[in-house]
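The file coords-v2.pdb contains PDB, C-alpha atoms and all ligand atoms:
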ATOM      1  CA  MET A   1     -17.221 -98.203  -2.789  1.00  0.00           C
ATOM      2  CA  ARG A   2     -14.339 -96.311  -4.335  1.00  0.00           C
ATOM      3  CA  TYR A   3     -10.831 -95.555  -3.150  1.00  0.00           C
ATOM      4  CA  ASP A   4     -10.057 -92.112  -1.783  1.00  0.00           C
ATOM      5  CA  ALA A   5      -6.301 -92.611  -1.389  1.00  0.00           C
ATOM      6  CA  VAL A   6      -3.592 -94.866  -2.808  1.00  0.00           C
ATOM      7  CA  VAL A   7      -0.356 -95.996  -1.159  1.00  0.00           C
ATOM      8  CA  PHE A   8       2.367 -97.528  -3.330  1.00  0.00           C
ATOM      9  CA  ASP A   9       5.295 -99.809  -2.662  1.00  0.00           C
ATOM     10  CA  LEU A  10       8.404 -98.621  -4.541  1.00  0.00           C
ATOM     11  CA  ASP A  11      10.901-101.327  -5.604  1.00  0.00           C
ATOM     12  CA  GLY A  12       9.444-103.703  -8.180  1.00  0.00           C
ATOM     13  CA  THR A  13       6.121-101.815  -8.162  1.00  0.00           C
ATOM     14  CA  LEU A  14       6.809 -98.328  -9.518  1.00  0.00           C
ATOM     15  CA  VAL A  15      10.507 -98.622 -10.352  1.00  0.00           C
ATOM     16  CA  ASP A  16      12.872-101.321 -11.557  1.00  0.00           C
ATOM     17  CA  SER A  17      15.620-100.579  -9.063  1.00  0.00           C
ATOM     18  CA  ALA A  18      17.266-104.004  -8.800  1.00  0.00           C
ATOM     19  CA  PRO A  19      20.216-103.249 -11.144  1.00  0.00           C
ATOM     20  CA  ASP A  20      21.481-100.403  -8.920  1.00  0.00           C
ATOM     21  CA  MET A  21      20.921-102.473  -5.784  1.00  0.00           C
ATOM     22  CA  ALA A  22      22.842-105.340  -7.427  1.00  0.00           C
ATOM     23  CA  ARG A  23      25.741-103.045  -8.320  1.00  0.00           C
ATOM     24  CA  ALA A  24      25.946-101.776  -4.730  1.00  0.00           C
ATOM     25  CA  ILE A  25      25.775-105.207  -3.088  1.00  0.00           C
ATOM     26  CA  ASN A  26      28.230-106.712  -5.560  1.00  0.00           C
ATOM     27  CA  GLY A  27      30.649-103.891  -4.716  1.00  0.00           C
ATOM     28  CA  VAL A  28      30.345-104.851  -1.044  1.00  0.00           C
ATOM     29  CA  LEU A  29      30.921-108.524  -1.843  1.00  0.00           C
ATOM     30  CA  ALA A  30      33.917-107.753  -4.069  1.00  0.00           C
ATOM     31  CA  THR A  31      35.714-105.863  -1.265  1.00  0.00           C
ATOM     32  CA  ARG A  32      35.276-108.999   0.870  1.00  0.00           C
ATOM     33  CA  GLY A  33      36.566-111.385  -1.801  1.00  0.00           C
ATOM     34  CA  ARG A  34      33.117-112.901  -2.251  1.00  0.00           C
ATOM     35  CA  ARG A  35      31.554-113.978  -5.545  1.00  0.00           C
ATOM     36  CA  ALA A  36      29.174-111.660  -7.389  1.00  0.00           C
ATOM     37  CA  LEU A  37      25.435-112.330  -7.229  1.00  0.00           C
ATOM     38  CA  SER A  38      23.326-112.587 -10.365  1.00  0.00           C
ATOM     39  CA  LEU A  39      20.545-110.073 -10.866  1.00  0.00           C
ATOM     40  CA  ALA A  40      17.981-112.839 -10.280  1.00  0.00           C
ATOM     41  CA  GLU A  41      19.587-113.709  -6.940  1.00  0.00           C
ATOM     42  CA  VAL A  42      19.541-110.079  -5.852  1.00  0.00           C
ATOM     43  CA  ILE A  43      15.900-109.751  -6.888  1.00  0.00           C
ATOM     44  CA  SER A  44      15.043-112.784  -4.756  1.00  0.00           C
ATOM     45  CA  PHE A  45      16.672-111.034  -1.757  1.00  0.00           C
ATOM     46  CA  ILE A  46      14.769-107.719  -2.152  1.00  0.00           C
ATOM     47  CA  GLY A  47      11.584-106.933  -0.254  1.00  0.00           C
ATOM     48  CA  SER A  48      12.450-106.924   3.437  1.00  0.00           C
ATOM     49  CA  GLY A  49      14.754-103.899   3.541  1.00  0.00           C
ATOM     50  CA  ALA A  50      18.460-103.188   3.218  1.00  0.00           C
ATOM     51  CA  ARG A  51      19.641-105.150   6.266  1.00  0.00           C
ATOM     52  CA  ILE A  52      17.942-108.349   5.134  1.00  0.00           C
ATOM     53  CA  LEU A  53      19.260-107.887   1.584  1.00  0.00           C
ATOM     54  CA  VAL A  54      22.796-107.603   2.960  1.00  0.00           C
ATOM     55  CA  GLN A  55      22.285-110.574   5.318  1.00  0.00           C
ATOM     56  CA  ARG A  56      20.945-112.801   2.554  1.00  0.00           C
ATOM     57  CA  SER A  57      23.727-111.746   0.200  1.00  0.00           C
ATOM     58  CA  LEU A  58      26.444-112.468   2.766  1.00  0.00           C
ATOM     59  CA  ARG A  59      24.872-115.789   3.702  1.00  0.00           C
ATOM     60  CA  ALA A  60      24.650-116.859   0.036  1.00  0.00           C
ATOM     61  CA  THR A  61      28.332-116.117  -0.543  1.00  0.00           C
ATOM     62  CA  GLY A  62      30.012-117.584   2.519  1.00  0.00           C
ATOM     63  CA  GLY A  63      28.631-116.295   5.832  1.00  0.00           C
ATOM     64  CA  ILE A  64      27.110-113.288   7.573  1.00  0.00           C
ATOM     65  CA  GLU A  65      30.071-112.092   9.625  1.00  0.00           C
ATOM     66  CA  GLY A  66      30.655-108.329   9.434  1.00  0.00           C
ATOM     67  CA  GLU A  67      27.013-107.641   8.689  1.00  0.00           C
ATOM     68  CA  ASP A  68      26.921-104.156  10.253  1.00  0.00           C
ATOM     69  CA  ASP A  69      29.947-102.938   8.289  1.00  0.00           C
ATOM     70  CA  ALA A  70      28.596-104.514   5.122  1.00  0.00           C
ATOM     71  CA  LEU A  71      25.249-102.773   5.621  1.00  0.00           C
ATOM     72  CA  ALA A  72      26.932 -99.386   6.097  1.00  0.00           C
ATOM     73  CA  GLU A  73      29.036 -99.948   2.971  1.00  0.00           C
ATOM     74  CA  PHE A  74      25.998-101.102   0.983  1.00  0.00           C
ATOM     75  CA  LEU A  75      24.088 -97.922   1.889  1.00  0.00           C
ATOM     76  CA  ARG A  76      27.098 -95.732   1.030  1.00  0.00           C
ATOM     77  CA  ARG A  77      27.499 -97.414  -2.326  1.00  0.00           C
ATOM     78  CA  TYR A  78      23.788 -97.442  -3.093  1.00  0.00           C
ATOM     79  CA  GLU A  79      23.269 -93.823  -2.149  1.00  0.00           C
ATOM     80  CA  THR A  80      25.944 -92.702  -4.609  1.00  0.00           C
ATOM     81  CA  GLY A  81      24.141 -94.266  -7.564  1.00  0.00           C
ATOM     82  CA  VAL A  82      20.447 -94.775  -6.815  1.00  0.00           C
ATOM     83  CA  ASP A  83      19.356 -93.774 -10.313  1.00  0.00           C
ATOM     84  CA  HIS A  84      22.178 -94.940 -12.568  1.00  0.00           C
ATOM     85  CA  GLU A  85      20.207 -97.794 -14.085  1.00  0.00           C
ATOM     86  CA  THR A  86      16.905 -97.553 -12.227  1.00  0.00           C
ATOM     87  CA  ALA A  87      13.879 -96.804 -14.384  1.00  0.00           C
ATOM     88  CA  VAL A  88      10.226 -96.042 -13.748  1.00  0.00           C
ATOM     89  CA  TYR A  89       8.026 -98.789 -15.218  1.00  0.00           C
ATOM     90  CA  THR A  90       6.153 -98.028 -18.437  1.00  0.00           C
ATOM     91  CA  GLY A  91       3.033 -95.932 -17.978  1.00  0.00           C
ATOM     92  CA  VAL A  92       3.639 -95.201 -14.298  1.00  0.00           C
ATOM     93  CA  MET A  93       4.231 -91.444 -14.702  1.00  0.00           C
ATOM     94  CA  GLU A  94       1.018 -91.092 -16.714  1.00  0.00           C
ATOM     95  CA  MET A  95      -0.928 -93.220 -14.207  1.00  0.00           C
ATOM     96  CA  LEU A  96       0.304 -91.114 -11.269  1.00  0.00           C
ATOM     97  CA  GLY A  97      -0.507 -87.950 -13.208  1.00  0.00           C
ATOM     98  CA  ALA A  98      -4.051 -89.164 -13.822  1.00  0.00           C
ATOM     99  CA  LEU A  99      -4.584 -90.060 -10.157  1.00  0.00           C
ATOM    100  CA  ARG A 100      -3.211 -86.702  -9.051  1.00  0.00           C
ATOM    101  CA  ALA A 101      -5.444 -84.895 -11.567  1.00  0.00           C
ATOM    102  CA  ALA A 102      -8.394 -86.749 -10.028  1.00  0.00           C
ATOM    103  CA  GLY A 103      -7.386 -85.376  -6.626  1.00  0.00           C
ATOM    104  CA  LEU A 104      -6.337 -88.663  -5.016  1.00  0.00           C
ATOM    105  CA  PRO A 105      -3.808 -88.286  -2.217  1.00  0.00           C
ATOM    106  CA  MET A 106      -0.883 -90.697  -2.681  1.00  0.00           C
ATOM    107  CA  ALA A 107       1.929 -91.963  -0.487  1.00  0.00           C
ATOM    108  CA  LEU A 108       4.908 -94.305  -0.736  1.00  0.00           C
ATOM    109  CA  CYS A 109       5.382 -97.124   1.780  1.00  0.00           C
ATOM    110  CA  THR A 110       8.638 -98.925   1.028  1.00  0.00           C
ATOM    111  CA  ASN A 111      11.124-101.034   2.951  1.00  0.00           C
ATOM    112  CA  LYS A 112      13.948 -99.139   1.250  1.00  0.00           C
ATOM    113  CA  PRO A 113      15.487 -96.767   3.833  1.00  0.00           C
ATOM    114  CA  GLU A 114      13.801 -93.359   3.711  1.00  0.00           C
ATOM    115  CA  ALA A 115      16.810 -91.292   2.551  1.00  0.00           C
ATOM    116  CA  PRO A 116      17.514 -93.265  -0.650  1.00  0.00           C
ATOM    117  CA  ALA A 117      13.753 -93.681  -1.221  1.00  0.00           C
ATOM    118  CA  ARG A 118      13.331 -89.899  -1.169  1.00  0.00           C
ATOM    119  CA  ASP A 119      16.443 -89.301  -3.245  1.00  0.00           C
ATOM    120  CA  LEU A 120      15.455 -91.884  -5.874  1.00  0.00           C
ATOM    121  CA  SER A 121      11.886 -90.563  -6.089  1.00  0.00           C
ATOM    122  CA  ALA A 122      13.127 -87.012  -6.546  1.00  0.00           C
ATOM    123  CA  ARG A 123      15.683 -87.976  -9.188  1.00  0.00           C
ATOM    124  CA  LEU A 124      13.152 -89.951 -11.215  1.00  0.00           C
ATOM    125  CA  GLY A 125      10.543 -87.184 -11.055  1.00  0.00           C
ATOM    126  CA  LEU A 126       8.222 -89.093  -8.705  1.00  0.00           C
ATOM    127  CA  GLY A 127       8.733 -87.012  -5.575  1.00  0.00           C
ATOM    128  CA  GLY A 128       6.055 -84.447  -6.358  1.00  0.00           C
ATOM    129  CA  PHE A 129       3.355 -87.100  -6.386  1.00  0.00           C
ATOM    130  CA  PHE A 130       3.998 -88.191  -2.815  1.00  0.00           C
ATOM    131  CA  PRO A 131       3.570 -85.790   0.099  1.00  0.00           C
ATOM    132  CA  VAL A 132       4.150 -88.760   2.415  1.00  0.00           C
ATOM    133  CA  ILE A 133       7.066 -91.196   2.051  1.00  0.00           C
ATOM    134  CA  VAL A 134       7.502 -93.914   4.677  1.00  0.00           C
ATOM    135  CA  GLY A 135      10.732 -95.920   4.436  1.00  0.00           C
ATOM    136  CA  GLY A 136      12.070 -99.039   6.097  1.00  0.00           C
ATOM    137  CA  ASP A 137      13.761 -96.982   8.822  1.00  0.00           C
ATOM    138  CA  THR A 138      11.069 -94.344   9.339  1.00  0.00           C
ATOM    139  CA  LEU A 139       9.571 -96.336  12.219  1.00  0.00           C
ATOM    140  CA  PRO A 140      11.206 -98.905  14.516  1.00  0.00           C
ATOM    141  CA  VAL A 141       9.394-101.644  12.548  1.00  0.00           C
ATOM    142  CA  LEU A 142       9.166-102.316   8.834  1.00  0.00           C
ATOM    143  CA  LYS A 143       6.753-104.192   6.560  1.00  0.00           C
ATOM    144  CA  PRO A 144       5.117-106.734   6.978  1.00  0.00           C
ATOM    145  CA  ASP A 145       4.307-105.007  10.267  1.00  0.00           C
ATOM    146  CA  PRO A 146       1.192-102.946   9.467  1.00  0.00           C
ATOM    147  CA  ALA A 147       2.535 -99.846  11.253  1.00  0.00           C
ATOM    148  CA  PRO A 148       4.370 -98.285   8.261  1.00  0.00           C
ATOM    149  CA  LEU A 149       1.264 -98.604   6.071  1.00  0.00           C
ATOM    150  CA  HIS A 150      -0.932 -97.141   8.798  1.00  0.00           C
ATOM    151  CA  HIS A 151       1.614 -94.334   9.243  1.00  0.00           C
ATOM    152  CA  ALA A 152       1.415 -93.526   5.522  1.00  0.00           C
ATOM    153  CA  ILE A 153      -2.395 -93.546   5.543  1.00  0.00           C
ATOM    154  CA  THR A 154      -2.518 -91.342   8.636  1.00  0.00           C
ATOM    155  CA  GLY A 155      -0.022 -88.974   7.002  1.00  0.00           C
ATOM    156  CA  LEU A 156      -2.459 -88.549   4.118  1.00  0.00           C
ATOM    157  CA  SER A 157      -5.351 -88.033   6.573  1.00  0.00           C
ATOM    158  CA  ALA A 158      -7.042 -90.863   4.690  1.00  0.00           C
ATOM    159  CA  ASP A 159      -9.474 -93.575   5.792  1.00  0.00           C
ATOM    160  CA  PRO A 160      -7.828 -97.053   5.802  1.00  0.00           C
ATOM    161  CA  ALA A 161     -11.149 -98.566   4.705  1.00  0.00           C
ATOM    162  CA  ARG A 162     -11.052 -96.419   1.550  1.00  0.00           C
ATOM    163  CA  THR A 163      -7.346 -96.739   0.809  1.00  0.00           C
ATOM    164  CA  LEU A 164      -5.723 -99.099  -1.692  1.00  0.00           C
ATOM    165  CA  TYR A 165      -2.210-100.430  -1.150  1.00  0.00           C
ATOM    166  CA  VAL A 166      -0.352-101.405  -4.320  1.00  0.00           C
ATOM    167  CA  GLY A 167       2.656-103.729  -4.151  1.00  0.00           C
ATOM    168  CA  ASP A 168       4.620-106.495  -5.844  1.00  0.00           C
ATOM    169  CA  SER A 169       5.605-108.805  -3.004  1.00  0.00           C
ATOM    170  CA  GLU A 170       4.541-111.257  -0.336  1.00  0.00           C
ATOM    171  CA  THR A 171       5.719-108.689   2.211  1.00  0.00           C
ATOM    172  CA  ASP A 172       3.302-106.125   0.782  1.00  0.00           C
ATOM    173  CA  TYR A 173       0.447-108.645   0.770  1.00  0.00           C
ATOM    174  CA  LYS A 174       1.058-109.548   4.413  1.00  0.00           C
ATOM    175  CA  THR A 175       1.325-105.866   5.321  1.00  0.00           C
ATOM    176  CA  ALA A 176      -1.996-105.014   3.705  1.00  0.00           C
ATOM    177  CA  ARG A 177      -3.678-108.019   5.304  1.00  0.00           C
ATOM    178  CA  ALA A 178      -2.346-107.128   8.758  1.00  0.00           C
ATOM    179  CA  ALA A 179      -3.419-103.508   8.246  1.00  0.00           C
ATOM    180  CA  GLN A 180      -6.840-104.585   6.915  1.00  0.00           C
ATOM    181  CA  VAL A 181      -6.328-102.486   3.805  1.00  0.00           C
ATOM    182  CA  ASP A 182      -7.344-103.544   0.275  1.00  0.00           C
ATOM    183  CA  PHE A 183      -4.389-104.767  -1.755  1.00  0.00           C
ATOM    184  CA  ALA A 184      -3.645-104.617  -5.485  1.00  0.00           C
ATOM    185  CA  PHE A 185      -0.910-107.084  -6.435  1.00  0.00           C
ATOM    186  CA  VAL A 186       1.196-105.985  -9.385  1.00  0.00           C
ATOM    187  CA  GLU A 187       2.565-108.914 -11.378  1.00  0.00           C
ATOM    188  CA  GLY A 188       6.011-108.868 -12.924  1.00  0.00           C
ATOM    189  CA  GLY A 189       7.782-107.219  -9.990  1.00  0.00           C
ATOM    190  CA  TYR A 190      10.275-108.862  -7.640  1.00  0.00           C
ATOM    191  CA  GLN A 191       8.138-111.679  -6.233  1.00  0.00           C
ATOM    192  CA  SER A 192       9.857-114.829  -7.474  1.00  0.00           C
ATOM    193  CA  ARG A 193       7.931-117.514  -5.526  1.00  0.00           C
ATOM    194  CA  PRO A 194       4.220-118.314  -5.212  1.00  0.00           C
ATOM    195  CA  ILE A 195       2.678-116.627  -2.166  1.00  0.00           C
ATOM    196  CA  PRO A 196       0.960-119.012   0.291  1.00  0.00           C
ATOM    197  CA  ASP A 197      -2.796-118.437   0.849  1.00  0.00           C
ATOM    198  CA  PHE A 198      -2.729-115.678  -1.733  1.00  0.00           C
ATOM    199  CA  ALA A 199      -6.015-113.810  -2.096  1.00  0.00           C
ATOM    200  CA  PRO A 200      -5.295-110.180  -3.042  1.00  0.00           C
ATOM    201  CA  THR A 201      -8.231-107.822  -3.520  1.00  0.00           C
ATOM    202  CA  HIS A 202      -7.042-107.115  -7.079  1.00  0.00           C
ATOM    203  CA  ARG A 203      -4.388-108.500  -9.444  1.00  0.00           C
ATOM    204  CA  LEU A 204      -2.903-106.242 -12.082  1.00  0.00           C
ATOM    205  CA  ALA A 205      -0.648-107.256 -14.965  1.00  0.00           C
ATOM    206  CA  ARG A 206       1.218-103.925 -14.784  1.00  0.00           C
ATOM    207  CA  PRO A 207       1.370-100.963 -12.415  1.00  0.00           C
ATOM    208  CA  ALA A 208      -0.061 -98.564 -15.006  1.00  0.00           C
ATOM    209  CA  LEU A 209      -3.418-100.364 -14.596  1.00  0.00           C
ATOM    210  CA  VAL A 210      -3.881 -98.933 -11.090  1.00  0.00           C
ATOM    211  CA  GLY A 211      -5.231 -95.813 -12.799  1.00  0.00           C
ATOM    212  CA  ASP A 212      -8.115 -97.656 -14.500  1.00  0.00           C
ATOM    213  CA  LEU A 213      -8.873 -99.623 -11.335  1.00  0.00           C
ATOM    214  CA  VAL A 214      -9.074 -96.600  -9.073  1.00  0.00           C
ATOM    215  CA  LEU A 215     -10.572 -94.097 -11.487  1.00  0.00           C
ATOM    216  CA  SER A 216     -13.297 -96.465 -12.673  1.00  0.00           C
ATOM    217  CA  GLY A 217     -14.537 -96.414  -9.078  1.00  0.00           C
ATOM    218  CA  VAL A 218     -15.520-100.049  -9.429  1.00  0.00           C
ATOM    219  CA  VAL A 219     -14.309-102.488  -6.834  1.00  0.00           C
ATOM    220  CA  THR A 220     -14.014-106.031  -8.154  1.00  0.00           C
ATOM    221  CA  ARG A 221     -13.422-108.530  -5.440  1.00  0.00           C
TER     222      ARG A 221
HETATM  223  O1  LIG A 301      14.223-102.422  -0.281  1.00  0.00           O
HETATM  224  C1  LIG A 301      13.539-103.470  -0.179  1.00  0.00           C
HETATM  225  O2  LIG A 301      13.928-104.531   0.327  1.00  0.00           O
HETATM  226  C2  LIG A 301      12.157-103.480  -0.724  1.00  0.00           C
HETATM  227  O3  LIG A 301      11.671-102.246  -1.112  1.00  0.00           O
HETATM  228  P1  LIG A 301      10.101-102.138  -1.412  1.00  0.00           P
HETATM  229  O4  LIG A 301       9.422-102.257  -0.089  1.00  0.00           O
HETATM  230  O5  LIG A 301       9.989-100.759  -2.052  1.00  0.00           O
HETATM  231  O6  LIG A 301       9.748-103.220  -2.370  1.00  0.00           O
HETATM  232 MG    MG A 302       8.488-104.105  -3.748  1.00  0.00          MG
END
Here is a file; write its structure as C-alpha cells.
Amino acid sequence: MRYDAVVFDLDGTLVDSAPDMARAINGVLATRGRRALSLAEVISFIGSGARILVQRSLRATGGIEGEDDALAEFLRRYETGVDHETAVYTGVMEMLGALRAAGLPMALCTNKPEAPARDLSARLGLGGFFPVIVGGDTLPVLKPDPAPLHHAITGLSADPARTLYVGDSETDYKTARAAQVDFAFVEGGYQSRPIPDFAPTHRLARPALVGDLVLSGVVTR
C-alpha cells in the first residue's frame, strides 16, 4: 500500500499563520474597546474557521454581541495582511517539491475561508503545488464534516483509500476519521489540548517528514 495523493491542512500544518490572525482579531477587539488576546489564546481558538475564531475571541473578552460585524471586520483586516508575519514551516517547500517531482497530486483542505487561503498560498509560493484548494466557505459545511476532504480528493480525481490527509488538529483528525481517510498528525502545530481517543495512522514530529513517509511507500500503522 502506498499513497497516490496527499491533502494538506494549512494553518499550523504548512504555515505558521497565527501571528497575522492575532493581529487581525486584536484589531477587531481594539475597535470594540476589548482587551487584546495573547498569541497562545488565539492559537487555542484556531481550527474551526473564521467565524468560530471571532466567536471565541468575543466570548473571551466580554460577550459575542455584534458577531457578524466583527467577522466581516476580521476578514477585511486579515485579508489586507495575510503574509506580513506568516511563514512556511522549515523544510515544507522542499517536501512539497519532492512530492510534486514524484508526481503526487496534492490539495489543500483548510477551514480558513477560500479567498485568503488562496491569496496566502500564492504569496508564500505554495499555490503552484495545489491545483485544488478547498476552504472553510467552499461548501456549506466545514471540517470536521468529511465533505470538504472528500471534495478535495474528488477534485484531484484521487482514490480516498489511497489518499493521506495531513493536519495538526483535532478537527483534522475527526475529519479524516469521518471521511475514512488515513491521517498523518503533525506535532507542534496549533493543537493545544490532548485529543480524546487519539489514534492517527501516522504521527510526525514536523511537516517536512511527510515526504519520507509518502515517498518511502511504506505504511506503518
Ligand atoms: O482557520 C482556521 O480556523 C483553521 O485553518 P486550518 O483548517 O488550515 O487549520
Ligand atoms: Mg490546522
> What is the distance between CA of Ala102 (chain A) and CA of Tyr165 (chain A), in Å to one decimal?
Replying inline: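 Going from CA of Ala102 (chain A) over to CA of Tyr165 (chain A), I get 17.4 Å.
Residues of protein or nucleic acid lying within 6 Å of ligand MG 302 (chain A), counting only C-alpha atoms and all ligand atoms, are Asp9, Leu10, Asp11, Gly12, Thr13, Gly47, Gly167, Asp168 and Ser169 of chain A.
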For the residues in the current selection, export C-alpha atoms as a PDB file, in the frame of the given file.
ATOM      1  CA  ASP A   9       5.295 -99.809  -2.662  1.00  0.00           C
ATOM      2  CA  LEU A  10       8.404 -98.621  -4.541  1.00  0.00           C
ATOM      3  CA  ASP A  11      10.901-101.327  -5.604  1.00  0.00           C
ATOM      4  CA  GLY A  12       9.444-103.703  -8.180  1.00  0.00           C
ATOM      5  CA  THR A  13       6.121-101.815  -8.162  1.00  0.00           C
ATOM      6  CA  GLY A  47      11.584-106.933  -0.254  1.00  0.00           C
ATOM      7  CA  GLY A 167       2.656-103.729  -4.151  1.00  0.00           C
ATOM      8  CA  ASP A 168       4.620-106.495  -5.844  1.00  0.00           C
ATOM      9  CA  SER A 169       5.605-108.805  -3.004  1.00  0.00           C
TER      10      SER A 169
END
>> Can you spell out as a PyMOL selection string the set of residues that the PyMOL selection byres (((chain A and resi 197) around 12) and not hetatm) selects in the structure I just provided?
In response: chain A and resi 170+173-174+177+194-196+198-200
Please return the centre and edge lengths, in Å to one decimal, of a box with edges along x, y and z that contains all listed atoms of ligand LIG 301 (chain A), widened by 6 Å on every side, as lines of an AutoDock Vina configuration file.
center_x = 11.8
center_y = -102.6
center_z = -1.0
size_x = 16.8
size_y = 15.8
size_z = 14.7
List every residue of chain A that has an atom at most 10 Å from any atom of ligand LIG 301 (chain A), giving for each one its closest atom pair and the distance in Å to one decimal, counting only C-alpha atoms and all ligand atoms, sorted by chain and then by ascending residue number, as JSON lines.
{"residue": "A:Phe8", "atom": "CA", "partner": "A:LIG301", "partner_atom": "O5", "distance": 8.4}
{"residue": "A:Asp9", "atom": "CA", "partner": "A:LIG301", "partner_atom": "O5", "distance": 4.8}
{"residue": "A:Leu10", "atom": "CA", "partner": "A:LIG301", "partner_atom": "O5", "distance": 3.6}
{"residue": "A:Asp11", "atom": "CA", "partner": "A:LIG301", "partner_atom": "O5", "distance": 3.7}
{"residue": "A:Gly12", "atom": "CA", "partner": "A:LIG301", "partner_atom": "O6", "distance": 5.8}
{"residue": "A:Thr13", "atom": "CA", "partner": "A:LIG301", "partner_atom": "O6", "distance": 7.0}
{"residue": "A:Leu14", "atom": "CA", "partner": "A:LIG301", "partner_atom": "O5", "distance": 8.5}
{"residue": "A:Val15", "atom": "CA", "partner": "A:LIG301", "partner_atom": "O5", "distance": 8.6}
{"residue": "A:Asp16", "atom": "CA", "partner": "A:LIG301", "partner_atom": "O6", "distance": 9.9}
{"residue": "A:Ser17", "atom": "CA", "partner": "A:LIG301", "partner_atom": "O5", "distance": 9.0}
{"residue": "A:Ala18", "atom": "CA", "partner": "A:LIG301", "partner_atom": "O1", "distance": 9.2}
{"residue": "A:Met21", "atom": "CA", "partner": "A:LIG301", "partner_atom": "O1", "distance": 8.7}
{"residue": "A:Ile43", "atom": "CA", "partner": "A:LIG301", "partner_atom": "O2", "distance": 9.1}
{"residue": "A:Ser44", "atom": "CA", "partner": "A:LIG301", "partner_atom": "O2", "distance": 9.8}
{"residue": "A:Phe45", "atom": "CA", "partner": "A:LIG301", "partner_atom": "O2", "distance": 7.4}
{"residue": "A:Ile46", "atom": "CA", "partner": "A:LIG301", "partner_atom": "O2", "distance": 4.1}
{"residue": "A:Gly47", "atom": "CA", "partner": "A:LIG301", "partner_atom": "O2", "distance": 3.4}
{"residue": "A:Ser48", "atom": "CA", "partner": "A:LIG301", "partner_atom": "O2", "distance": 4.2}
{"residue": "A:Gly49", "atom": "CA", "partner": "A:LIG301", "partner_atom": "O2", "distance": 3.4}
{"residue": "A:Ala50", "atom": "CA", "partner": "A:LIG301", "partner_atom": "O2", "distance": 5.5}
{"residue": "A:Arg51", "atom": "CA", "partner": "A:LIG301", "partner_atom": "O2", "distance": 8.3}
{"residue": "A:Ile52", "atom": "CA", "partner": "A:LIG301", "partner_atom": "O2", "distance": 7.3}
{"residue": "A:Leu53", "atom": "CA", "partner": "A:LIG301", "partner_atom": "O2", "distance": 6.4}
{"residue": "A:Val54", "atom": "CA", "partner": "A:LIG301", "partner_atom": "O2", "distance": 9.7}
{"residue": "A:Leu108", "atom": "CA", "partner": "A:LIG301", "partner_atom": "O5", "distance": 8.3}
{"residue": "A:Cys109", "atom": "CA", "partner": "A:LIG301", "partner_atom": "O4", "distance": 6.8}
{"residue": "A:Thr110", "atom": "CA", "partner": "A:LIG301", "partner_atom": "O4", "distance": 3.6}
{"residue": "A:Asn111", "atom": "CA", "partner": "A:LIG301", "partner_atom": "O4", "distance": 3.7}
{"residue": "A:Lys112", "atom": "CA", "partner": "A:LIG301", "partner_atom": "O1", "distance": 3.6}
{"residue": "A:Pro113", "atom": "CA", "partner": "A:LIG301", "partner_atom": "O1", "distance": 7.1}
{"residue": "A:Glu114", "atom": "CA", "partner": "A:LIG301", "partner_atom": "O1", "distance": 9.9}
{"residue": "A:Pro116", "atom": "CA", "partner": "A:LIG301", "partner_atom": "O1", "distance": 9.7}
{"residue": "A:Ala117", "atom": "CA", "partner": "A:LIG301", "partner_atom": "O5", "distance": 8.1}
{"residue": "A:Val134", "atom": "CA", "partner": "A:LIG301", "partner_atom": "O4", "distance": 9.8}
{"residue": "A:Gly135", "atom": "CA", "partner": "A:LIG301", "partner_atom": "O4", "distance": 7.9}
{"residue": "A:Gly136", "atom": "CA", "partner": "A:LIG301", "partner_atom": "O4", "distance": 7.5}
{"residue": "A:Leu142", "atom": "CA", "partner": "A:LIG301", "partner_atom": "O4", "distance": 8.9}
{"residue": "A:Lys143", "atom": "CA", "partner": "A:LIG301", "partner_atom": "O4", "distance": 7.4}
{"residue": "A:Pro144", "atom": "CA", "partner": "A:LIG301", "partner_atom": "O4", "distance": 9.4}
{"residue": "A:Gly167", "atom": "CA", "partner": "A:LIG301", "partner_atom": "O6", "distance": 7.3}
{"residue": "A:Asp168", "atom": "CA", "partner": "A:LIG301", "partner_atom": "O6", "distance": 7.0}
{"residue": "A:Ser169", "atom": "CA", "partner": "A:LIG301", "partner_atom": "O6", "distance": 7.0}
{"residue": "A:Glu170", "atom": "CA", "partner": "A:LIG301", "partner_atom": "O6", "distance": 9.8}
{"residue": "A:Thr171", "atom": "CA", "partner": "A:LIG301", "partner_atom": "O4", "distance": 7.8}
{"residue": "A:Asp172", "atom": "CA", "partner": "A:LIG301", "partner_atom": "O4", "distance": 7.3}
{"residue": "A:Gly189", "atom": "CA", "partner": "A:LIG301", "partner_atom": "O6", "distance": 8.8}
{"residue": "A:Tyr190", "atom": "CA", "partner": "A:LIG301", "partner_atom": "O6", "distance": 7.7}
{"residue": "A:Gln191", "atom": "CA", "partner": "A:LIG301", "partner_atom": "O6", "distance": 9.4}
What are the nearest atom pairs, with distances in Å to one decimal, for all residues of region 166-193 of chain A that come at most 12 Å from region 212-218 of chain A, using only C-alpha atoms, set out by chain and rising residue number as a Markdown table?
| residue | atom | partner | partner_atom | distance |
| --- | --- | --- | --- | --- |
| A:Val166 | CA | A:Val214 | CA | 11.0 |
| A:Asp182 | CA | A:Val214 | CA | 11.8 |
| A:Phe183 | CA | A:Leu213 | CA | 11.8 |
| A:Ala184 | CA | A:Leu213 | CA | 9.3 |
| A:Phe185 | CA | A:Leu213 | CA | 12.0 |
> A:Ala70, A:Ala101, A:Val6, A:Ala152: which is nearest Thr31 (chain A), counting all atoms listed in the file?
Replying inline: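 Going through A:Ala70, A:Ala101, A:Val6, A:Ala152 one by one, the smallest distance to Thr31 (chain A) is for A:Ala70.
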>> Can you pull out the residues contacting Ala161 (chain A)? Cut-off 10 Å, using only C-alpha atoms, and skip same-chain residues under 6 positions away; I want them as an MDAnalysis selection string.
In response: chainID A and resid 1:5 179:182
> What is the distance between CA of Met106 (chain A) and CA of Val92 (chain A), in Å to one decimal?
Replying inline: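 It comes out at 13.3 Å.
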>> For a quick check of understanding, using only C-alpha atoms, which of A:Ala22, A:Met93, A:Leu39, A:Leu58 has the smallest distance to Leu209 (chain A)?
In response: A:Met93
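CA of Asp83 (chain A) is positioned 9.9 Å from CA of Ala122 (chain A).
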>> Calculated over all atoms listed in the file, which of the candidates A:Leu164, A:Tyr89, A:Leu149, A:Leu120 has the smallest distance to Pro207 (chain A)?
In response: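 Using all atoms listed in the file, Pro207 (chain A) sits closest to A:Tyr89.
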